[in-house]
file entry.txt (compact mmCIF, C-alpha atoms)
# COMPACT_ATOMS: atom_id res chain seq x y z
CA MET Y 165 32.92 -19.20 19.80
CA PRO Y 166 29.29 -18.57 20.70
CA ASN Y 167 26.58 -18.60 18.07
CA PRO Y 168 25.11 -15.27 16.98
CA ASN Y 169 22.18 -13.85 18.90
CA LYS Y 170 18.66 -13.38 17.63
CA VAL Y 171 16.24 -10.71 18.79
CA ILE Y 172 12.80 -11.93 19.83
CA PHE Y 173 9.90 -9.53 20.26
CA ASN Y 174 6.98 -11.11 22.07
CA VAL Y 175 3.78 -9.58 20.74
CA ALA Y 176 1.76 -10.87 23.70
CA THR Y 177 3.95 -9.33 26.40
CA GLY Y 178 5.63 -6.48 24.52
CA GLU Y 179 9.01 -7.69 25.76
CA SER Y 180 12.13 -7.89 23.64
CA THR Y 181 14.83 -10.44 24.45
CA THR Y 182 18.14 -11.51 22.93
CA VAL Y 183 18.80 -15.24 22.69
CA GLU Y 184 21.76 -17.18 21.32
CA MET Y 185 20.87 -19.16 18.21
CA THR Y 186 21.04 -22.93 18.38
CA ASP Y 187 23.50 -24.95 16.31
CA GLU Y 188 20.56 -26.22 14.24
CA GLU Y 189 19.39 -22.69 13.48
CA VAL Y 190 22.90 -21.66 12.44
CA ALA Y 191 23.24 -24.69 10.17
CA ALA Y 192 19.83 -24.02 8.60
CA ARG Y 193 20.64 -20.39 7.78
CA GLU Y 194 23.97 -21.40 6.28
CA ALA Y 195 22.18 -23.90 4.05
CA ARG Y 196 19.67 -21.25 2.93
CA ALA Y 197 22.50 -18.83 2.16
CA SER Y 198 24.27 -21.46 0.04
CA ALA Y 199 21.08 -22.31 -1.82
CA ALA Y 200 20.31 -18.68 -2.53
CA GLU Y 201 23.86 -18.02 -3.71
CA ALA Y 202 23.71 -21.01 -6.05
CA ALA Y 203 20.34 -19.86 -7.41
CA ALA Y 204 21.68 -16.34 -7.98
CA THR Y 205 24.72 -17.69 -9.81
CA ALA Y 206 22.58 -19.95 -12.00
CA LEU Y 207 20.24 -17.07 -12.77
CA ALA Y 208 23.14 -14.79 -13.73
CA GLU Y 209 24.54 -17.45 -16.05
CA GLU Y 210 21.13 -18.00 -17.62
CA GLN Y 211 20.68 -14.27 -18.19
CA ALA Y 212 24.16 -13.98 -19.71
CA ALA Y 213 23.42 -16.84 -22.10
CA LYS Y 214 20.15 -15.22 -23.17
CA GLU Y 215 21.86 -11.89 -23.78
CA ALA Y 216 24.55 -13.62 -25.86
CA LEU Y 217 21.87 -15.25 -28.01
CA LYS Y 218 20.14 -11.90 -28.52
CA THR Y 219 23.38 -10.19 -29.47
CA SER Y 220 24.22 -12.92 -31.95
CA ALA Y 221 20.70 -12.87 -33.39
CA ARG Y 222 20.76 -9.09 -33.90
CA ALA Y 223 24.14 -9.28 -35.65
CA LYS Y 224 22.90 -12.01 -37.98
CA LEU Y 225 19.73 -10.09 -38.79
CA VAL Y 226 21.74 -7.04 -39.76
CA ALA Y 227 24.07 -9.17 -41.87
CA GLY Y 228 21.17 -11.04 -43.48
CA GLU Y 229 22.32 -14.39 -42.18
CA PRO Y 230 20.00 -17.22 -41.02
CA LEU Y 231 19.33 -17.55 -37.30
CA THR Y 232 19.54 -20.70 -35.25
CA ALA Y 233 16.39 -21.90 -33.54
CA GLU Y 234 17.73 -20.74 -30.18
CA GLU Y 235 18.57 -17.29 -31.54
CA ALA Y 236 15.11 -16.93 -33.06
CA ALA Y 237 13.48 -17.99 -29.79
CA ALA Y 238 15.55 -15.41 -27.92
CA ILE Y 239 14.20 -12.46 -29.90
CA VAL Y 240 10.67 -13.56 -30.85
CA ILE Y 241 8.00 -13.25 -28.18
CA MET T 278 -16.71 0.01 16.11
CA ALA T 279 -13.85 -2.36 16.84
CA GLU T 280 -10.51 -1.52 15.37
CA THR T 281 -9.65 -3.76 12.46
CA PHE T 282 -6.10 -2.72 11.57
CA VAL T 283 -4.05 -2.72 14.75
CA LYS T 284 -0.35 -2.33 15.45
CA ILE T 285 0.54 -5.36 17.56
CA GLY T 286 4.33 -5.21 17.51
CA HIS T 287 7.10 -2.74 16.80
CA GLN T 288 10.82 -3.45 16.90
CA VAL T 289 13.78 -1.17 16.24
CA LEU T 290 17.11 -2.97 16.34
CA THR T 291 19.56 -1.33 18.72
CA ALA T 292 22.40 -3.62 17.63
CA ASP T 293 23.19 -5.72 14.57
CA SER T 294 21.52 -9.14 14.66
CA PRO T 295 21.16 -11.94 12.09
CA THR T 296 17.58 -12.72 13.07
CA VAL T 297 14.50 -10.86 14.25
CA VAL T 298 11.52 -12.81 15.57
CA PHE T 299 7.95 -11.71 16.28
CA SER T 300 6.61 -14.31 18.71
CA GLY T 301 3.40 -14.70 20.69
CA ILE T 302 1.16 -13.73 17.76
CA PRO T 303 -2.41 -14.47 18.83
CA THR T 304 -4.05 -17.36 17.03
CA ASP T 305 -7.38 -17.19 18.85
CA GLY T 306 -9.21 -15.36 16.09
CA THR T 307 -8.49 -11.87 17.38
CA TYR T 308 -7.02 -11.15 13.94
CA THR T 309 -7.51 -12.87 10.62
CA ASP T 310 -4.53 -11.46 8.71
CA LEU T 311 -1.06 -10.08 9.40
CA TYR T 312 0.76 -7.24 7.72
CA LEU T 313 4.44 -6.56 8.34
CA VAL T 314 6.01 -3.28 7.32
CA SER T 315 9.74 -2.92 7.63
CA GLN T 316 12.67 -0.76 6.69
CA VAL T 317 15.75 -2.94 6.59
CA ARG T 318 19.44 -2.74 5.84
CA THR T 319 21.99 -5.51 6.26
CA ALA T 320 25.72 -5.38 6.87
CA ARG T 321 26.63 -7.35 3.77
CA THR T 322 29.47 -5.83 1.78
CA GLY T 323 30.33 -6.14 -1.88
CA GLN T 324 26.71 -6.37 -3.05
CA PRO T 325 23.99 -3.73 -3.36
CA TRP T 326 21.38 -6.27 -2.26
CA ASP T 327 21.00 -8.91 0.35
CA GLN T 328 18.68 -11.74 1.24
CA ILE T 329 16.09 -11.76 4.00
CA ASP T 330 14.19 -15.00 4.58
CA ILE T 331 10.67 -15.00 6.03
CA LEU T 332 10.11 -18.15 8.09
CA PRO T 333 6.65 -18.90 9.53
CA ASN T 334 7.10 -20.36 13.01
CA GLY T 335 10.83 -20.35 12.30
CA SER T 336 10.48 -23.10 9.71
CA SER T 337 11.57 -23.44 6.11
CA SER T 338 10.10 -26.94 5.83
CA ASN T 339 7.27 -27.21 3.29
CA LEU T 340 7.94 -23.58 2.41
CA THR T 341 8.02 -22.79 -1.29
CA GLY T 342 8.14 -19.50 -3.10
CA GLY T 343 8.78 -17.54 -6.21
CA LYS T 344 9.85 -14.07 -7.13
CA MET T 345 9.88 -11.67 -10.01
CA TYR T 346 12.38 -8.90 -9.64
CA SER T 347 14.43 -6.44 -11.58
CA ALA T 348 17.68 -4.58 -11.17
CA SER T 349 17.34 -0.87 -11.93
CA ASN T 350 15.58 -0.60 -15.29
CA GLY T 351 16.46 -4.09 -16.49
CA SER T 352 14.01 -6.70 -17.65
CA PRO T 353 12.29 -8.60 -14.84
CA THR T 354 13.62 -12.02 -14.02
CA SER T 355 12.31 -14.71 -11.77
CA ASN T 356 13.30 -17.72 -9.73
CA THR T 357 11.90 -19.87 -6.99
CA THR T 358 14.11 -19.21 -3.98
CA ILE T 359 12.42 -18.09 -0.77
CA GLY T 360 14.63 -15.09 -0.04
CA ASN T 361 13.90 -11.53 -0.96
CA TYR T 362 16.04 -8.48 -1.45
CA VAL T 363 16.78 -5.48 0.67
CA THR T 364 19.57 -2.95 0.81
CA SER T 365 22.87 -4.31 2.00
CA ASP T 366 25.92 -2.21 2.74
CA ASP T 367 25.14 1.30 1.57
CA ALA T 368 24.78 2.80 5.02
CA THR T 369 26.49 6.02 3.96
CA LEU T 370 23.43 6.92 1.89
CA GLY T 371 21.34 7.00 5.01
CA TRP T 372 18.60 4.79 3.67
CA ALA T 373 17.42 1.26 4.06
CA GLY T 374 15.47 -1.10 1.88
CA THR T 375 11.77 -1.70 2.28
CA LEU T 376 10.02 -4.99 2.86
CA THR T 377 6.30 -5.61 3.32
CA VAL T 378 4.63 -8.94 3.94
CA TYR T 379 0.89 -9.68 3.83
CA ILE T 380 -0.31 -12.97 5.33
CA PRO T 381 -4.05 -13.55 5.01
CA ASN T 382 -5.74 -16.23 7.13
CA TYR T 383 -2.55 -16.86 9.06
CA ALA T 384 -4.24 -19.04 11.67
CA SER T 385 -5.92 -21.26 9.11
CA ALA T 386 -5.54 -25.04 9.31
CA ASN T 387 -4.92 -25.01 5.56
CA LYS T 388 -1.93 -23.99 3.49
CA LYS T 389 -0.93 -20.39 4.13
CA VAL T 390 0.14 -17.99 1.40
CA MET T 391 1.98 -14.70 1.68
CA SER T 392 2.68 -11.89 -0.73
CA LEU T 393 5.77 -9.75 -0.34
CA GLU T 394 7.25 -6.65 -1.91
CA SER T 395 10.71 -5.29 -1.41
CA HIS T 396 13.16 -2.73 -2.65
CA GLY T 397 16.83 -2.33 -1.99
CA GLY T 398 19.97 -1.06 -3.59
CA THR T 399 22.44 1.75 -3.83
CA SER T 400 22.40 5.15 -5.47
CA SER T 401 23.23 3.50 -8.79
CA THR T 402 21.53 0.11 -8.66
CA HIS T 403 18.06 -0.67 -7.37
CA TYR T 404 16.55 -4.07 -6.85
CA TYR T 405 12.82 -4.37 -6.49
CA GLY T 406 10.50 -7.27 -6.68
CA MET T 407 7.31 -9.09 -5.89
CA PHE T 408 7.28 -12.44 -4.20
CA TYR T 409 5.04 -15.15 -2.91
CA LEU T 410 5.54 -17.77 -0.26
CA ALA T 411 3.35 -20.78 0.37
CA TRP T 412 3.61 -22.70 3.62
CA ASP T 413 2.00 -26.11 3.41
CA ASN T 414 1.39 -26.64 7.10
CA SER T 415 -1.81 -26.94 9.14
CA THR T 416 -0.35 -25.13 12.16
CA ALA T 417 -1.40 -21.56 12.80
CA ILE T 418 1.37 -18.99 12.45
CA SER T 419 2.26 -17.80 15.95
CA SER T 420 5.67 -16.38 15.12
CA ILE T 421 7.44 -14.81 12.16
CA THR T 422 11.20 -15.04 11.78
CA LEU T 423 13.11 -12.64 9.56
CA ASP T 424 16.54 -14.07 8.97
CA SER T 425 19.47 -12.65 7.04
CA PRO T 426 21.78 -15.61 6.35
CA ASN T 427 24.56 -13.67 4.64
CA ALA T 428 25.13 -10.81 7.06
CA ASP T 429 23.54 -9.27 10.14
CA ILE T 430 20.47 -7.10 9.92
CA ALA T 431 21.81 -3.68 10.78
CA SER T 432 20.87 -1.65 13.82
CA ASP T 433 18.11 0.94 13.33
CA SER T 434 16.27 -1.44 11.01
CA THR T 435 12.60 -1.11 11.89
CA PHE T 436 9.79 -3.66 11.87
CA THR T 437 6.12 -3.06 12.57
CA LEU T 438 3.55 -5.86 12.67
CA TYR T 439 -0.15 -5.19 12.23
CA GLY T 440 -3.05 -7.48 12.95
CA ILE T 441 -6.01 -7.21 10.61
CA THR T 442 -9.55 -8.30 11.33
CA LYS T 443 -11.60 -8.79 8.24
CA GLY T 444 -15.24 -7.84 8.31
CA THR T 445 -18.07 -10.28 7.85
CA ASP T 446 -18.09 -9.52 4.15
CA GLY T 447 -14.43 -10.53 3.88
CA THR T 448 -13.07 -7.04 3.45
CA THR T 449 -10.91 -4.99 5.79
CA THR T 450 -12.01 -1.69 7.22
CA VAL T 451 -9.42 0.73 8.57
CA THR T 452 -10.71 2.83 11.42
CA THR T 453 -9.91 6.51 11.50
CA SER T 454 -10.46 7.14 15.18
call {"tool": "encode", "arguments": {"input": "entry.txt", "output": "structure tokens"}}
result
Amino acid sequence: MPNPNKVIFNVATGESTTVEMTDEEVAAREARASAAEAAATALAEEQAAKEALKTSARAKLVAGEPLTAEEAAAIVI
Amino acid sequence: MAETFVKIGHQVLTADSPTVVFSGIPTDGTYTDLYLVSQVRTARTGQPWDQIDILPNGSSSNLTGGKMYSASNGSPTSNTTIGNYVTSDDATLGWAGTLTVYIPNYASANKKVMSLESHGGTSSTHYYGMFYLAWDNSTAISSITLDSPNADIASDSTFTLYGITKGTDGTTTVTTS
């Protein structure tokens, strides 16, 4: 199966060409996609953890209970 | 008066493609800065956003970056990946995301920095953000690669590259005629 094509616009000549990507270029873009997906997943998990701390901190404040250090850090700027 | 903000390249995709390259960018001092304006959509499904990577001279080596972005009206978040967000699969809405890239001193022998802004999303969720990229390489930038590693950049996506020539006082003057 051939690699996908890339579109190249040459500013100097004004010509547009379509060229098959090399194996190295395909491997590099797959690596970047994996890295970005991993970063997005980690970020989502971090955000979820922060929101959980905030929710817990708010509930404890309403109930008059002491907060943990992490809960206090989550709601105090 | 010489023009100082000049369109040097314009590309409208006529078919889906994972990568768009502007090559042959002059590095002889004709321009000092580059400014890329684009309207982009990708074919990714299942997500209201997608990733576009900006690669100077096609390289991600010694390329670092950071972003601050937000989904709809949520609190901004940040990370240090080099991708940025544009609209993915919501073709039925008839719109595409926006992406602009400013590269001052692109032919410098020193580290090059870029600032980027983008917006993408659907009718219900919008992603928007500000980004920076730093390319620690002494080579002048003679090509810019826009690569979508998750899904093809969709046809009708439009890219326009401008060359900017700063004045002797370091500022840019846009001619009106």
call {"tool": "residues_around", "arguments": {"input": "entry.txt", "residues": "Y:Lys224", "least_positions_apart": "6", "cutoff": "12 Å", "atoms": "all atoms listed in the file", "output": "ChimeraX atom specification"}}
result
/Y:217-218,230-232,235-236,239
call {"tool": "interface_residues", "arguments": {"input": "entry.txt", "of": "chain Y", "to": "chain T", "cutoff": "7 Å", "atoms": "all atoms listed in the file", "output": "PyMOL selection string"}}
result
chain Y and resi 169-176+193-194+196-197+200
call {"tool": "atom_distance", "arguments": {"input": "entry.txt", "atom1": "atom CA of T:Lys344", "atom2": "atom CA of T:Val289"}}
result
27.0 Å
call {"tool": "atom_distance", "arguments": {"input": "entry.txt", "atom1": "atom CA of T:His403", "atom2": "atom CA of Y:Gln211"}}
result
17.6 Å
call {"tool": "atom_distance", "arguments": {"input": "entry.txt", "atom1": "atom CA of Y:Thr181", "atom2": "atom CA of Y:Pro168"}}
result
13.6 Å
call {"tool": "closest_residue", "arguments": {"input": "entry.txt", "among": "T:Tyr409, T:Lys388, T:Thr437, T:Ile430", "to": "T:Asn339", "atoms": "all atoms listed in the file"}}
result
T:Lys388
call {"tool": "closest_residue", "arguments": {"input": "entry.txt", "among": "Y:Glu215, Y:Leu225, Y:Asn167, Y:Ala237", "to": "Y:Met185", "atoms": "all atoms listed in the file"}}
result
Y:Asn167
call {"tool": "residues_around", "arguments": {"input": "entry.txt", "residues": "T:Ser385", "least_positions_apart": "4", "cutoff": "8 Å", "atoms": "all atoms listed in the file", "output": "MDAnalysis selection string"}}
result
chainID T and resid 389 415:417
call {"tool": "axis_aligned_box", "arguments": {"input": "entry.txt", "around": "stretch 184-197 of chain Y", "padding_each_side": "6 Å", "output": "lines of an AutoDock Vina configuration file"}}
result
center_x = 21.7
center_y = -21.7
center_z = 11.7
size_x = 16.6
size_y = 21.0
size_z = 31.2
call {"tool": "closest_residue", "arguments": {"input": "entry.txt", "among": "T:Thr402, T:Thr375, T:Thr304, T:Asn382", "to": "T:Gln316", "atoms": "only C-alpha atoms"}}
result
T:Thr375
call {"tool": "residues_around", "arguments": {"input": "entry.txt", "residues": "T:Ser338", "least_positions_apart": "3", "cutoff": "9 Å", "atoms": "only C-alpha atoms", "output": "PyMOL selection string"}}
result
chain T and resi 341+412-414
call {"tool": "closest_residue", "arguments": {"input": "entry.txt", "among": "Y:Ala195, Y:Ala238, Y:Glu184, Y:Val226", "to": "Y:Ala212", "atoms": "all atoms listed in the file"}}
result
Y:Ala238
call {"tool": "decode", "arguments": {"input": "entry.txt", "residues": "stretch 398-418 of chain T", "atoms": "N, CA and C atoms", "output": "compact mmCIF listing (two decimals), in the first residue's frame"}}
result
# COMPACT_ATOMS: atom_id res chain seq x y z
N GLY T 398 -13.81 23.60 16.29
CA GLY T 398 -14.87 23.03 17.10
C GLY T 398 -16.12 22.74 16.31
N THR T 399 -17.18 22.54 17.06
CA THR T 399 -18.47 22.25 16.47
C THR T 399 -19.46 23.33 16.91
N SER T 400 -20.72 23.12 16.61
CA SER T 400 -21.70 24.11 17.02
C SER T 400 -21.85 24.16 18.53
N SER T 401 -21.44 23.11 19.22
CA SER T 401 -21.63 23.06 20.68
C SER T 401 -20.33 23.20 21.47
N THR T 402 -19.22 22.87 20.87
CA THR T 402 -17.95 22.92 21.58
C THR T 402 -16.90 23.64 20.75
N HIS T 403 -16.28 24.64 21.33
CA HIS T 403 -15.25 25.39 20.62
C HIS T 403 -13.93 25.29 21.36
N TYR T 404 -12.90 25.01 20.62
CA TYR T 404 -11.55 25.03 21.16
C TYR T 404 -10.83 26.23 20.58
N TYR T 405 -10.14 26.96 21.44
CA TYR T 405 -9.36 28.08 20.95
C TYR T 405 -8.13 28.21 21.83
N GLY T 406 -7.08 28.70 21.24
CA GLY T 406 -5.87 28.76 22.03
C GLY T 406 -4.78 29.61 21.43
N MET T 407 -3.79 29.85 22.25
CA MET T 407 -2.59 30.56 21.86
C MET T 407 -1.41 29.63 22.08
N PHE T 408 -0.44 29.73 21.22
CA PHE T 408 0.66 28.77 21.24
C PHE T 408 1.97 29.48 20.95
N TYR T 409 3.05 28.83 21.33
CA TYR T 409 4.35 29.27 20.84
C TYR T 409 5.13 28.04 20.41
N LEU T 410 6.01 28.24 19.47
CA LEU T 410 6.97 27.23 19.08
C LEU T 410 8.34 27.88 19.07
N ALA T 411 9.34 27.15 19.48
CA ALA T 411 10.72 27.63 19.41
C ALA T 411 11.54 26.56 18.69
N TRP T 412 12.24 27.00 17.66
CA TRP T 412 13.05 26.05 16.88
C TRP T 412 14.51 26.42 17.06
N ASP T 413 15.21 25.58 17.79
CA ASP T 413 16.61 25.86 18.11
C ASP T 413 17.49 25.31 17.00
N ASN T 414 17.58 26.07 15.92
CA ASN T 414 18.33 25.64 14.75
C ASN T 414 18.85 26.89 14.04
N SER T 415 20.09 26.83 13.57
CA SER T 415 20.69 28.01 12.94
C SER T 415 20.34 28.15 11.46
N THR T 416 19.63 27.17 10.92
CA THR T 416 19.27 27.19 9.50
C THR T 416 18.07 28.11 9.26
N ALA T 417 18.14 28.87 8.20
CA ALA T 417 16.99 29.70 7.84
C ALA T 417 15.81 28.82 7.46
N ILE T 418 14.61 29.31 7.74
CA ILE T 418 13.41 28.56 7.37
C ILE T 418 13.10 28.81 5.90
